[in-house]
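Quick look at final_30.csv (CSV, C-alpha atoms):
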chain,number,residue,atom,x,y,z
F,114,MET,CA,7.9,-34.3,1.8
F,115,LYS,CA,9.2,-37.4,0.1
F,116,ASP,CA,12.6,-37.1,1.8
F,117,THR,CA,11.0,-36.7,5.3
F,118,LEU,CA,8.9,-39.9,4.8
F,119,GLN,CA,12.1,-41.8,3.8
F,120,LEU,CA,13.9,-40.4,6.8
F,121,LYS,CA,11.1,-41.6,9.2
F,122,HIS,CA,11.1,-45.0,7.5
F,123,ASN,CA,14.9,-45.4,7.9
F,124,PHE,CA,14.7,-44.5,11.6
F,125,GLU,CA,12.0,-47.1,12.1
F,126,ASN,CA,14.3,-49.7,10.6
F,127,ILE,CA,17.0,-48.6,13.0
F,128,LYS,CA,14.6,-48.9,16.0
F,129,LYS,CA,13.7,-52.5,14.9
F,130,LEU,CA,17.4,-53.5,14.7
F,131,ARG,CA,17.9,-52.1,18.2
F,132,SER,CA,14.9,-54.0,19.6
F,133,ASP,CA,16.2,-57.3,18.0
F,134,ILE,CA,19.5,-56.8,19.7
F,135,LEU,CA,17.8,-56.3,23.0
F,136,ASN,CA,15.9,-59.6,22.5
F,137,ILE,CA,19.2,-61.4,21.8
F,138,PHE,CA,20.7,-59.9,24.9
F,139,GLU,CA,17.8,-61.2,27.0
F,140,THR,CA,18.2,-64.7,25.6
F,141,THR,CA,22.0,-64.6,26.1
F,142,ASN,CA,21.6,-63.3,29.7
F,143,SER,CA,19.1,-66.1,30.5
F,144,LYS,CA,21.4,-68.8,29.2
F,145,ILE,CA,24.4,-67.3,31.2
F,146,ASP,CA,22.2,-67.2,34.3
F,147,ILE,CA,21.3,-70.9,33.8
F,148,LEU,CA,25.0,-71.9,33.4
F,149,LYS,CA,25.9,-69.9,36.6
F,150,LYS,CA,23.2,-71.8,38.5
F,151,VAL,CA,24.5,-75.1,37.2
F,152,TYR,CA,28.0,-74.1,38.3
F,153,MET,CA,26.8,-73.3,41.8
F,154,ASP,CA,24.9,-76.6,42.0
F,155,MET,CA,28.1,-78.4,41.1
F,156,ILE,CA,30.0,-76.6,43.7
F,157,LYS,CA,27.5,-77.7,46.4
F,158,ALA,CA,27.4,-81.3,45.1
F,159,HIS,CA,31.2,-81.6,44.8
F,160,SER,CA,32.6,-79.6,47.6
F,161,LYS,CA,35.8,-81.6,48.0
F,162,SER,CA,39.0,-79.9,47.0
F,163,GLU,CA,40.0,-82.7,44.5
F,164,TYR,CA,37.0,-81.9,42.4
F,165,MET,CA,37.9,-78.3,41.9
F,166,PHE,CA,40.4,-79.2,39.3
F,167,GLY,CA,37.7,-80.3,36.9
F,168,ILE,CA,35.1,-77.7,37.8
F,169,ASP,CA,37.5,-74.8,37.3
F,170,ALA,CA,37.4,-75.2,33.5
F,171,PHE,CA,33.6,-74.9,33.6
F,172,HIS,CA,34.0,-71.7,35.6
F,173,PHE,CA,36.4,-70.3,33.0
F,174,GLN,CA,33.9,-71.1,30.2
F,175,ASN,CA,31.2,-69.1,32.0
F,176,GLU,CA,33.6,-66.3,32.6
F,177,LEU,CA,34.4,-66.0,28.9
F,178,LEU,CA,30.7,-65.9,28.0
F,179,ASP,CA,30.1,-63.2,30.6
F,180,ILE,CA,33.0,-61.1,29.3
F,181,GLU,CA,31.7,-61.2,25.7
F,182,TYR,CA,28.2,-60.4,26.8
F,183,ASN,CA,29.3,-57.4,28.9
F,184,ASN,CA,31.5,-56.1,26.0
F,185,MET,CA,28.5,-56.2,23.7
F,186,LYS,CA,26.3,-54.4,26.2
F,187,ASN,CA,28.9,-51.7,26.6
F,188,ALA,CA,29.1,-51.3,22.8
F,189,PHE,CA,25.3,-51.1,22.7
F,190,LYS,CA,25.3,-48.2,25.2
F,191,LYS,CA,28.1,-46.4,23.3
F,192,ILE,CA,26.0,-46.5,20.1
F,193,ASP,CA,23.0,-45.1,22.0
F,194,ASN,CA,25.1,-42.3,23.3
F,195,ARG,CA,26.6,-41.6,19.9
F,196,MET,CA,23.1,-41.4,18.4
F,197,TYR,CA,22.1,-38.8,21.0
F,198,CYS,CA,25.3,-36.9,20.4
F,199,GLU,CA,24.8,-36.5,16.6
F,200,TYR,CA,21.1,-35.7,16.8
F,201,TYR,CA,21.7,-33.2,19.5
F,202,GLN,CA,24.4,-31.4,17.4
F,203,LEU,CA,22.1,-31.3,14.4
F,204,TYR,CA,19.3,-30.0,16.7
F,205,VAL,CA,21.6,-27.1,17.8
F,206,LEU,CA,22.5,-26.2,14.2
F,207,ILE,CA,18.8,-26.1,13.1
F,208,ARG,CA,17.7,-24.1,16.1
F,209,LYS,CA,20.6,-21.6,15.6
F,210,TYR,CA,19.7,-21.1,11.9
F,211,ILE,CA,16.0,-20.4,12.7
F,212,GLU,CA,16.8,-18.0,15.5
F,213,GLU,CA,19.3,-16.0,13.3
F,214,GLU,CA,17.9,-16.2,9.8
F,215,ILE,CA,14.1,-16.9,9.9
F,216,LYS,CA,12.0,-13.8,10.7
F,217,ASN,CA,8.6,-15.3,10.2
F,218,GLU,CA,6.8,-15.3,13.5
F,219,SER,CA,4.4,-18.2,12.6
F,220,LEU,CA,7.3,-20.5,11.8
F,221,ARG,CA,9.3,-19.4,14.9
F,222,SER,CA,6.4,-20.1,17.2
F,223,LYS,CA,6.0,-23.6,15.8
F,224,VAL,CA,9.7,-24.5,15.8
F,225,LEU,CA,11.3,-22.7,18.7
F,226,ILE,CA,9.5,-24.7,21.5
F,227,ASN,CA,10.3,-24.2,25.1
F,228,LYS,CA,11.4,-27.8,25.6
F,229,ARG,CA,15.1,-28.1,26.2
F,230,PHE,CA,17.1,-31.3,25.7
F,231,PRO,CA,20.0,-32.3,28.0
F,232,VAL,CA,23.3,-30.9,26.8
F,233,TYR,CA,25.6,-33.6,25.5
F,234,LYS,CA,28.9,-33.6,27.4
F,235,VAL,CA,31.7,-35.1,25.4
F,236,LEU,CA,34.1,-35.5,28.4
F,237,ASP,CA,31.5,-37.2,30.6
F,238,THR,CA,31.8,-40.8,29.2
F,239,THR,CA,29.9,-42.4,32.1
F,240,LYS,CA,26.6,-40.6,31.5
F,241,ILE,CA,24.0,-42.6,29.6
F,242,TYR,CA,21.3,-40.8,27.7
F,243,ARG,CA,17.9,-42.5,27.4
F,244,PHE,CA,16.8,-43.8,24.1
F,245,SER,CA,13.5,-42.0,24.5
F,246,LEU,CA,15.4,-38.7,24.3
F,247,VAL,CA,16.9,-39.9,21.0
F,248,ILE,CA,13.4,-40.6,19.6
F,249,GLU,CA,12.2,-37.1,20.7
F,250,LEU,CA,15.2,-35.4,19.1
F,251,HIS,CA,14.7,-37.2,15.9
F,252,ASP,CA,11.0,-36.4,15.8
F,253,TYR,CA,11.8,-32.7,16.5
F,254,ILE,CA,14.4,-32.6,13.6
F,255,THR,CA,12.1,-34.2,11.1
F,256,ASN,CA,9.1,-32.0,12.1
F,257,THR,CA,11.3,-28.9,11.8
F,258,ILE,CA,12.4,-30.0,8.3
F,259,VAL,CA,8.8,-30.4,7.3
F,260,GLU,CA,7.9,-26.9,8.6
F,261,LEU,CA,10.9,-25.4,6.8
F,262,GLU,CA,9.9,-27.1,3.6
F,263,SER,CA,6.4,-25.7,3.9
F,264,TYR,CA,7.8,-22.2,4.5
F,265,ARG,CA,10.0,-22.5,1.4
F,266,ILE,CA,7.1,-23.5,-0.8
F,267,ALA,CA,5.2,-20.4,0.4
F,268,LYS,CA,8.1,-18.2,-0.3
F,269,ASP,CA,8.5,-19.7,-3.8
F,270,SER,CA,4.8,-18.8,-4.5
F,271,GLU,CA,5.5,-15.2,-3.4
F,272,LEU,CA,8.5,-15.1,-5.7
F,273,GLU,CA,6.4,-16.3,-8.6
F,274,ASN,CA,3.9,-13.5,-8.0
F,275,ASP,CA,6.6,-10.8,-7.9
F,276,ASN,CA,8.1,-12.3,-11.1
F,277,GLN,CA,4.8,-11.9,-12.8
F,278,GLN,CA,4.5,-8.3,-11.7
F,279,SER,CA,8.0,-7.6,-13.0
F,280,LYS,CA,7.0,-9.0,-16.4
F,281,GLN,CA,4.0,-6.8,-16.5
F,282,GLY,CA,6.2,-3.7,-16.3
F,283,LEU,CA,7.0,-3.0,-12.7
F,284,ASN,CA,10.7,-2.1,-12.1
F,285,ILE,CA,11.2,-4.8,-9.4
F,286,GLY,CA,13.7,-6.9,-11.3
F,287,ASN,CA,16.4,-6.6,-8.7
F,288,LEU,CA,13.9,-7.3,-5.9
F,289,VAL,CA,13.0,-10.6,-7.7
F,290,ASN,CA,16.7,-11.4,-7.9
F,291,SER,CA,17.3,-10.8,-4.2
F,292,TYR,CA,14.2,-12.8,-3.4
F,293,ARG,CA,15.3,-15.7,-5.6
F,294,TYR,CA,18.8,-15.7,-3.9
F,295,SER,CA,17.2,-15.8,-0.4
F,296,ASN,CA,14.9,-18.7,-1.4
F,297,ALA,CA,17.9,-20.6,-2.9
F,298,LEU,CA,19.8,-20.3,0.4
F,299,LEU,CA,16.8,-21.6,2.3
F,300,SER,CA,16.4,-24.5,-0.1
F,301,GLU,CA,20.1,-25.5,0.2
F,302,LYS,CA,19.9,-25.3,4.0
F,303,ILE,CA,17.0,-27.7,4.1
F,304,LYS,CA,18.8,-30.1,1.7
F,305,MET,CA,21.9,-29.9,3.9
F,306,PHE,CA,19.9,-30.9,7.0
F,307,VAL,CA,18.3,-33.8,5.2
F,308,ARG,CA,21.7,-35.0,3.9
F,309,TYR,CA,23.1,-34.8,7.5
F,310,LEU,CA,20.3,-37.0,8.8
F,311,LYS,CA,20.7,-39.5,6.0
F,312,VAL,CA,24.4,-40.0,6.8
F,313,PHE,CA,23.5,-40.4,10.5
F,314,HIS,CA,21.0,-43.1,9.6
F,315,GLU,CA,23.5,-44.9,7.5
F,316,HIS,CA,26.1,-44.9,10.2
F,317,HIS,CA,23.6,-46.1,12.9
F,318,LYS,CA,22.3,-48.8,10.7
F,319,ASN,CA,25.8,-50.2,10.2
F,320,TYR,CA,26.5,-50.0,13.9
F,321,PHE,CA,23.4,-52.0,14.9
F,322,THR,CA,23.6,-54.4,12.1
F,323,ARG,CA,27.2,-55.5,12.9
F,324,LEU,CA,26.4,-55.6,16.6
F,325,SER,CA,23.4,-57.8,15.8
F,326,ILE,CA,25.6,-60.2,13.8
F,327,LYS,CA,28.1,-60.4,16.7
F,328,ALA,CA,25.3,-61.1,19.2
F,329,LYS,CA,23.7,-63.8,17.1
F,330,LEU,CA,27.2,-65.3,16.5
F,331,ASN,CA,27.7,-65.4,20.3
F,332,ILE,CA,24.4,-67.0,21.1
F,333,GLY,CA,25.0,-69.5,18.3
F,334,ILE,CA,28.3,-70.5,19.8
F,335,ILE,CA,26.7,-71.0,23.2
F,336,ASN,CA,24.0,-73.3,21.7
F,337,GLU,CA,26.7,-75.2,19.8
F,338,ASP,CA,28.9,-75.7,22.8
F,339,ILE,CA,26.4,-76.4,25.5
F,340,MET,CA,23.1,-77.6,24.0
F,341,ILE,CA,24.5,-80.2,21.7
F,342,LYS,CA,22.4,-83.0,23.1
F,343,GLN,CA,18.6,-82.9,23.1
F,344,LEU,CA,16.0,-85.3,24.4
F,345,ASN,CA,13.7,-87.1,22.0
F,346,SER,CA,10.0,-87.9,22.6
F,347,ASN,CA,10.9,-91.0,24.7
F,348,GLY,CA,13.1,-89.0,27.0
F,349,VAL,CA,16.3,-90.6,25.6
F,350,VAL,CA,19.3,-88.5,24.8
F,351,GLU,CA,19.6,-88.1,21.1
F,352,GLU,CA,23.0,-87.3,19.7
F,353,LYS,CA,23.8,-86.0,16.3
F,354,THR,CA,26.0,-88.5,14.6
F,355,ASN,CA,26.0,-87.3,11.0
F,356,LYS,CA,28.4,-84.4,11.3
F,357,ARG,CA,30.7,-83.1,8.7
F,358,ASN,CA,33.5,-80.6,8.8
F,359,LEU,CA,32.2,-77.1,8.0
F,360,SER,CA,34.2,-74.3,6.6
F,361,ASP,CA,34.6,-71.0,8.4
F,362,GLU,CA,32.0,-69.3,6.3
F,363,GLU,CA,29.4,-72.1,6.8
F,364,SER,CA,30.1,-72.1,10.5
F,365,ILE,CA,29.4,-68.4,10.7
F,366,LEU,CA,26.2,-68.7,8.7
F,367,LYS,CA,25.1,-71.6,11.0
F,368,TYR,CA,25.8,-69.7,14.2
F,369,VAL,CA,24.1,-66.5,13.0
F,370,GLY,CA,21.1,-68.4,11.6
F,371,SER,CA,21.1,-66.7,8.2
F,372,THR,CA,17.7,-68.3,7.2
F,373,ASP,CA,16.0,-66.4,10.0
F,374,THR,CA,17.6,-63.0,9.5
F,375,ASN,CA,16.3,-60.2,7.3
F,376,ASN,CA,17.8,-59.0,4.1
F,377,VAL,CA,19.9,-56.2,5.7
F,378,LEU,CA,21.6,-58.7,8.0
F,379,LYS,CA,22.1,-61.2,5.1
F,380,GLY,CA,23.7,-58.6,2.9
F,381,GLU,CA,26.0,-57.3,5.7
F,382,LEU,CA,27.0,-60.9,6.6
F,383,ASN,CA,27.8,-61.9,3.0
F,384,LYS,CA,29.9,-58.7,2.7
F,385,ILE,CA,31.9,-59.6,5.8
F,386,ILE,CA,32.5,-63.2,4.7
F,387,SER,CA,33.6,-62.0,1.2
F,388,ASN,CA,36.0,-59.6,2.7
F,389,ILE,CA,37.5,-62.5,4.8
F,390,ASN,CA,38.1,-64.5,1.6
F,391,SER,CA,39.6,-61.6,-0.3
F,392,ASP,CA,41.9,-60.9,2.6
F,393,GLU,CA,43.2,-64.5,2.4
F,394,GLU,CA,43.8,-64.3,-1.3
F,395,THR,CA,45.7,-61.0,-1.1
F,396,ASN,CA,48.0,-62.6,1.5
F,397,ILE,CA,48.8,-65.5,-0.8
F,398,SER,CA,49.2,-63.7,-4.1
F,399,PRO,CA,52.5,-61.8,-3.6
F,400,ARG,CA,54.4,-65.0,-2.9
F,401,SER,CA,53.5,-66.7,-6.2
F,402,THR,CA,54.3,-63.5,-8.1
F,403,LYS,CA,57.7,-63.4,-6.6
F,404,SER,CA,58.5,-67.0,-7.4
F,405,ASP,CA,57.4,-66.6,-11.0
F,406,ASN,CA,59.8,-63.7,-11.6
F,407,SER,CA,62.7,-65.3,-9.8
F,408,THR,CA,64.4,-66.6,-13.0
F,409,ILE,CA,64.1,-63.3,-14.8
F,410,SER,CA,65.3,-61.3,-11.9
F,411,SER,CA,68.4,-63.6,-11.4
F,412,THR,CA,69.2,-63.3,-15.1
F,413,GLU,CA,69.0,-59.6,-15.0
F,414,SER,CA,71.1,-59.4,-11.9
F,415,ASP,CA,73.8,-61.6,-13.5
F,416,TYR,CA,73.8,-59.5,-16.6
F,417,SER,CA,74.1,-56.3,-14.6
F,418,ASN,CA,77.0,-57.8,-12.6
F,419,ASP,CA,78.8,-58.8,-15.8
F,420,ILE,CA,78.6,-55.2,-17.1
F,421,THR,CA,79.7,-53.6,-13.9
F,422,LYS,CA,82.5,-56.1,-13.1
F,423,THR,CA,86.1,-54.9,-13.7
F,424,PRO,CA,89.2,-57.1,-13.8
F,425,CYS,CA,91.3,-57.2,-10.7
F,426,SER,CA,94.6,-57.0,-12.4
F,427,SER,CA,94.0,-53.5,-13.6
F,428,PRO,CA,93.1,-51.4,-10.6
F,429,VAL,CA,93.3,-48.1,-12.6
F,430,ILE,CA,91.4,-47.9,-15.9
F,431,ASN,CA,91.2,-44.9,-18.1
F,432,ASN,CA,87.9,-43.6,-19.4
F,433,GLU,CA,88.6,-44.8,-22.9
F,434,GLU,CA,89.3,-48.4,-21.8
F,435,LEU,CA,86.2,-48.4,-19.6
F,436,SER,CA,84.0,-47.4,-22.5
F,437,GLU,CA,85.6,-50.0,-24.7
F,438,ASN,CA,84.9,-52.7,-22.1
F,439,ILE,CA,81.2,-51.7,-21.9
F,440,ILE,CA,80.8,-51.9,-25.7
F,441,LEU,CA,82.5,-55.3,-25.8
F,442,GLU,CA,80.4,-56.7,-23.0
F,443,SER,CA,77.2,-55.5,-24.7
F,444,VAL,CA,78.2,-57.1,-28.0
F,445,THR,CA,79.4,-60.4,-26.5
F,446,ASN,CA,76.5,-60.7,-24.0
F,447,PRO,CA,73.4,-59.7,-26.0
F,448,PRO,CA,70.0,-59.5,-24.1
F,449,LEU,CA,68.1,-62.8,-23.7
F,450,THR,CA,65.5,-63.2,-26.5
F,451,GLN,CA,63.1,-66.0,-27.4
F,452,GLU,CA,64.9,-66.4,-30.8
F,453,SER,CA,68.3,-67.1,-29.3
F,454,HIS,CA,66.9,-69.2,-26.4
F,455,PRO,CA,64.0,-71.4,-27.5
F,456,GLU,CA,63.5,-72.7,-24.0
F,457,LEU,CA,62.4,-69.3,-22.9
F,458,LYS,CA,59.9,-69.2,-25.8
F,459,SER,CA,58.3,-72.5,-24.7
F,460,LYS,CA,58.1,-71.2,-21.1
F,461,SER,CA,56.4,-68.0,-22.2
F,462,LEU,CA,53.9,-69.9,-24.2
F,463,SER,CA,53.0,-72.3,-21.4
F,464,LYS,CA,52.8,-69.6,-18.7
F,465,PRO,CA,52.5,-65.9,-19.2
F,466,GLU,CA,55.2,-64.0,-17.4
F,467,PRO,CA,55.4,-60.3,-16.8
F,468,GLU,CA,57.7,-58.5,-19.3
F,469,PRO,CA,61.2,-57.9,-17.9
F,470,GLU,CA,62.2,-54.4,-17.3
F,471,PRO,CA,64.2,-52.9,-20.2
F,472,GLU,CA,67.9,-53.4,-19.8
F,473,PRO,CA,69.9,-50.3,-19.3
F,474,GLU,CA,71.5,-49.1,-22.6
F,475,PRO,CA,75.3,-48.9,-22.5
F,476,GLU,CA,76.5,-45.6,-21.5
F,477,PRO,CA,77.9,-43.5,-24.4
F,478,GLU,CA,81.6,-43.2,-24.7
F,479,PRO,CA,82.8,-40.4,-22.5
F,480,GLU,CA,84.5,-37.7,-24.4
F,481,PRO,CA,88.2,-37.7,-23.7
F,482,GLU,CA,89.1,-35.0,-21.4
F,483,PRO,CA,91.3,-32.3,-23.1
F,484,GLU,CA,94.9,-32.6,-22.1
F,485,PRO,CA,95.9,-29.8,-19.8
F,486,GLU,CA,98.0,-27.2,-21.5
F,487,PRO,CA,101.6,-27.2,-20.3
F,488,GLU,CA,102.2,-24.5,-17.9
F,489,PRO,CA,104.7,-22.0,-19.1
F,490,GLU,CA,108.1,-22.5,-17.6
F,491,PRO,CA,109.0,-19.8,-15.2
F,492,GLU,CA,111.5,-17.4,-16.5
F,493,PRO,CA,114.9,-17.8,-14.9
F,494,GLU,CA,115.6,-15.2,-12.4
F,495,PRO,CA,118.4,-12.8,-13.6
F,496,GLU,CA,121.7,-13.6,-11.9
F,497,PRO,CA,122.9,-10.9,-9.7
F,498,GLU,CA,125.6,-8.8,-11.2
F,499,PRO,CA,129.0,-9.4,-9.5
F,500,GLU,CA,130.1,-6.7,-7.4
F,501,PRO,CA,132.9,-4.6,-9.0
F,502,GLU,CA,136.3,-5.5,-7.7
F,503,PRO,CA,138.0,-2.7,-6.0
F,504,GLU,CA,140.5,-1.0,-8.2
F,505,PRO,CA,144.1,-1.8,-7.2
F,506,GLU,CA,145.9,1.0,-5.7
F,507,PRO,CA,148.5,2.5,-8.1
F,508,GLU,CA,151.9,1.3,-7.3
F,509,PRO,CA,154.2,4.1,-6.3
F,510,GLU,CA,156.5,5.0,-9.2
F,511,PRO,CA,160.1,4.2,-8.5
F,512,GLU,CA,162.2,7.1,-7.8
F,513,PRO,CA,164.6,7.8,-10.6
F,514,GLU,CA,168.1,6.7,-10.0
F,515,PRO,CA,170.3,9.6,-9.7
F,516,GLU,CA,172.4,10.0,-12.8
F,517,PRO,CA,176.0,9.3,-12.1
F,518,GLU,CA,178.1,12.2,-12.1
F,519,PRO,CA,180.3,12.4,-15.1
F,520,GLU,CA,183.8,11.4,-14.4
F,521,PRO,CA,186.1,14.3,-14.7
F,522,GLU,CA,188.1,14.2,-17.9
F,523,PRO,CA,191.6,13.8,-17.3
F,524,GLU,CA,193.6,16.8,-17.9
As a first step, turn the structure in this file into structure tokens.
Amino acid sequence: MKDTLQLKHNFENIKKLRSDILNIFETTNSKIDILKKVYMDMIKAHSKSEYMFGIDAFHFQNELLDIEYNNMKNAFKKIDNRMYCEYYQLYVLIRKYIEEEIKNESLRSKVLINKRFPVYKVLDTTKIYRFSLVIELHDYITNTIVELESYRIAKDSELENDNQQSKQGLNIGNLVNSYRYSNALLSEKIKMFVRYLKVFHEHHKNYFTRLSIKAKLNIGIINEDIMIKQLNSNGVVEEKTNKRNLSDEESILKYVGSTDTNNVLKGELNKIISNINSDEETNISPRSTKSDNSTISSTESDYSNDITKTPCSSPVINNEELSENIILESVTNPPLTQESHPELKSKSLSKPEPEPEPEPEPEPEPEPEPEPEPEPEPEPEPEPEPEPEPEPEPEPEPEPEPEPEPEPEPE
């Protein structure tokens, strides 16, 4: 019951904000109508073409005011339609839950009324739903929540009676457990509907509060630009001479008229102004941080360049020579400290600076790569054996000379 009273109170505040905006719109519209009438009188009085050059600026001033007024009216209609959309969707959820889950005929007869609300059509952006329908929907939702809460209390009392009977010896323990589960679901459903409605109220309050600030700011600008001069009791024009330059925040408060607004508008207006100031500070702060760290960043970049720099005369360097150069550079150029450079110490005392990033440690000496084992020489291919020379043909043996015949012995 307490939640439903709070819901009704919040909705009354939203209705009050909406009515205030309508009053501001009426005042703005009347002022614009007066300016348009003045413009038409000037056109009639100064009909020559050479006067149009000066009157055209007044026409543009009226046109800007008319554009801003129409934009705020369109936003106002959008908010009304959005309220009907959200309340109608919640109405459909509640009605569907009661039709499917609630079997109590007494509750169904109270809640499931024959009245049907117009279906909200998302694609039809030109349709405007009356605010009276929004009020009826909200009343139906809150009354339904009250009926569901009464039904839950009755079911809890029945659960307590069954629990007492179970303690007296009846074997209805599981019945009690099932009943308790059903009541828990009903209770959580009611809480969910209440939370939905609270979120809707918060959104709608923000919409109307900010639109009210814009409307008051617009009418304050109109009064500042056009109604600067006022007549005193003698009928003489009285001009305000004691003027001082106002800051943006003071000008906004002056236009809106913060002394006449309620606490909700004051809180929202102060929040908007504080966010403007914080946005300006965040836009300035990164520049100063960058300038403070410029000395350290340049020193670190020089140091890193010295480490990575290699002499031009030796285009090819072995791994051992490169590791020796890194060690020598780290020894000859130690990191900057306050003891070795007192001027850095004095700067750090005068103005705290962020700690520099740790310098990269010198890379460990790379292990020499093992020399590749000599590849075994290929065995010489065996020379081909010379082909055997053909045996010389045997020379023919000389024929034996015939032995000379012995000379006959003389007789």
**OP:** Work out how far atom CA of F:Arg195 is from atom CA of F:Tyr309, in Å to one decimal.
**Re:**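 Atom CA of F:Tyr309 sits 14.6 Å away from atom CA of F:Arg195.
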**OP:** Excluding stretch 266-268 of chain F and any residue of its chain fewer than 6 positions from it, enumerate the residues within 12 Å of it, using all atoms listed in the file, and give them as a PyMOL selection string.
**Re:** chain F and resi 114+215+217+220+259-260+274-275+289+292-300+303
**OP:** Provide the atom CA of F:Lys121 to atom CA of F:Thr255 distance in Å, to one decimal place.
**Re:**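 If I compute the distance from atom CA of F:Lys121 to atom CA of F:Thr255, I get 7.7 Å.
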**OP:** Grab the atom CA of F:Lys157 to atom CA of F:Asn175 distance for me, in Å with one decimal place.
**Re:** 17.2 Å
Which residues, written as an mmCIF file with C-alpha atoms, in the frame of the given file, have at least one atom at most 9 Å from F:Leu203, with all atoms listed in the file counted and residues fewer than 4 positions away on the same chain left out?
data_model
loop_
_atom_site.group_PDB
_atom_site.id
_atom_site.type_symbol
_atom_site.label_atom_id
_atom_site.label_comp_id
_atom_site.auth_asym_id
_atom_site.auth_seq_id
_atom_site.Cartn_x
_atom_site.Cartn_y
_atom_site.Cartn_z
ATOM 1 C CA CYS F 198 25.300 -36.900 20.400
ATOM 2 C CA GLU F 199 24.800 -36.500 16.600
ATOM 3 C CA ILE F 207 18.800 -26.100 13.100
ATOM 4 C CA ARG F 208 17.700 -24.100 16.100
ATOM 5 C CA ILE F 254 14.400 -32.600 13.600
ATOM 6 C CA PHE F 306 19.900 -30.900 7.000
ATOM 7 C CA TYR F 309 23.100 -34.800 7.500
ATOM 8 C CA LEU F 310 20.300 -37.000 8.800
#
Original post:
Got a sec: who's within 12 Å of F:Arg308, counting only C-alpha atoms, leaving out chain neighbours fewer than 6 positions off, as a list in words?
Top reply: Asp116, Thr117, Gln119, Leu120, Leu203, Ile258, Glu301, Lys302, His314 and Glu315 of chain F
Original post:
Which is closest to F:Val247 among F:Met196, F:Ile334, F:Ala158, F:Ile339, if we use only C-alpha atoms?
Top reply: F:Met196
**OP:** Write out as a list in words which residues come within 10 Å of stretch 146-150 of chain F when counting only C-alpha atoms, dropping same-chain ones fewer than 2 positions away.
**Re:**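 Returned residues: Thr140, Thr141, Asn142, Ser143, Lys144, Tyr152, Met153, Asp154, Met155, Ile156, Phe171, His172, Gln174, Asn175, Glu176, Leu178, Asp179 and Ile339 of chain F.
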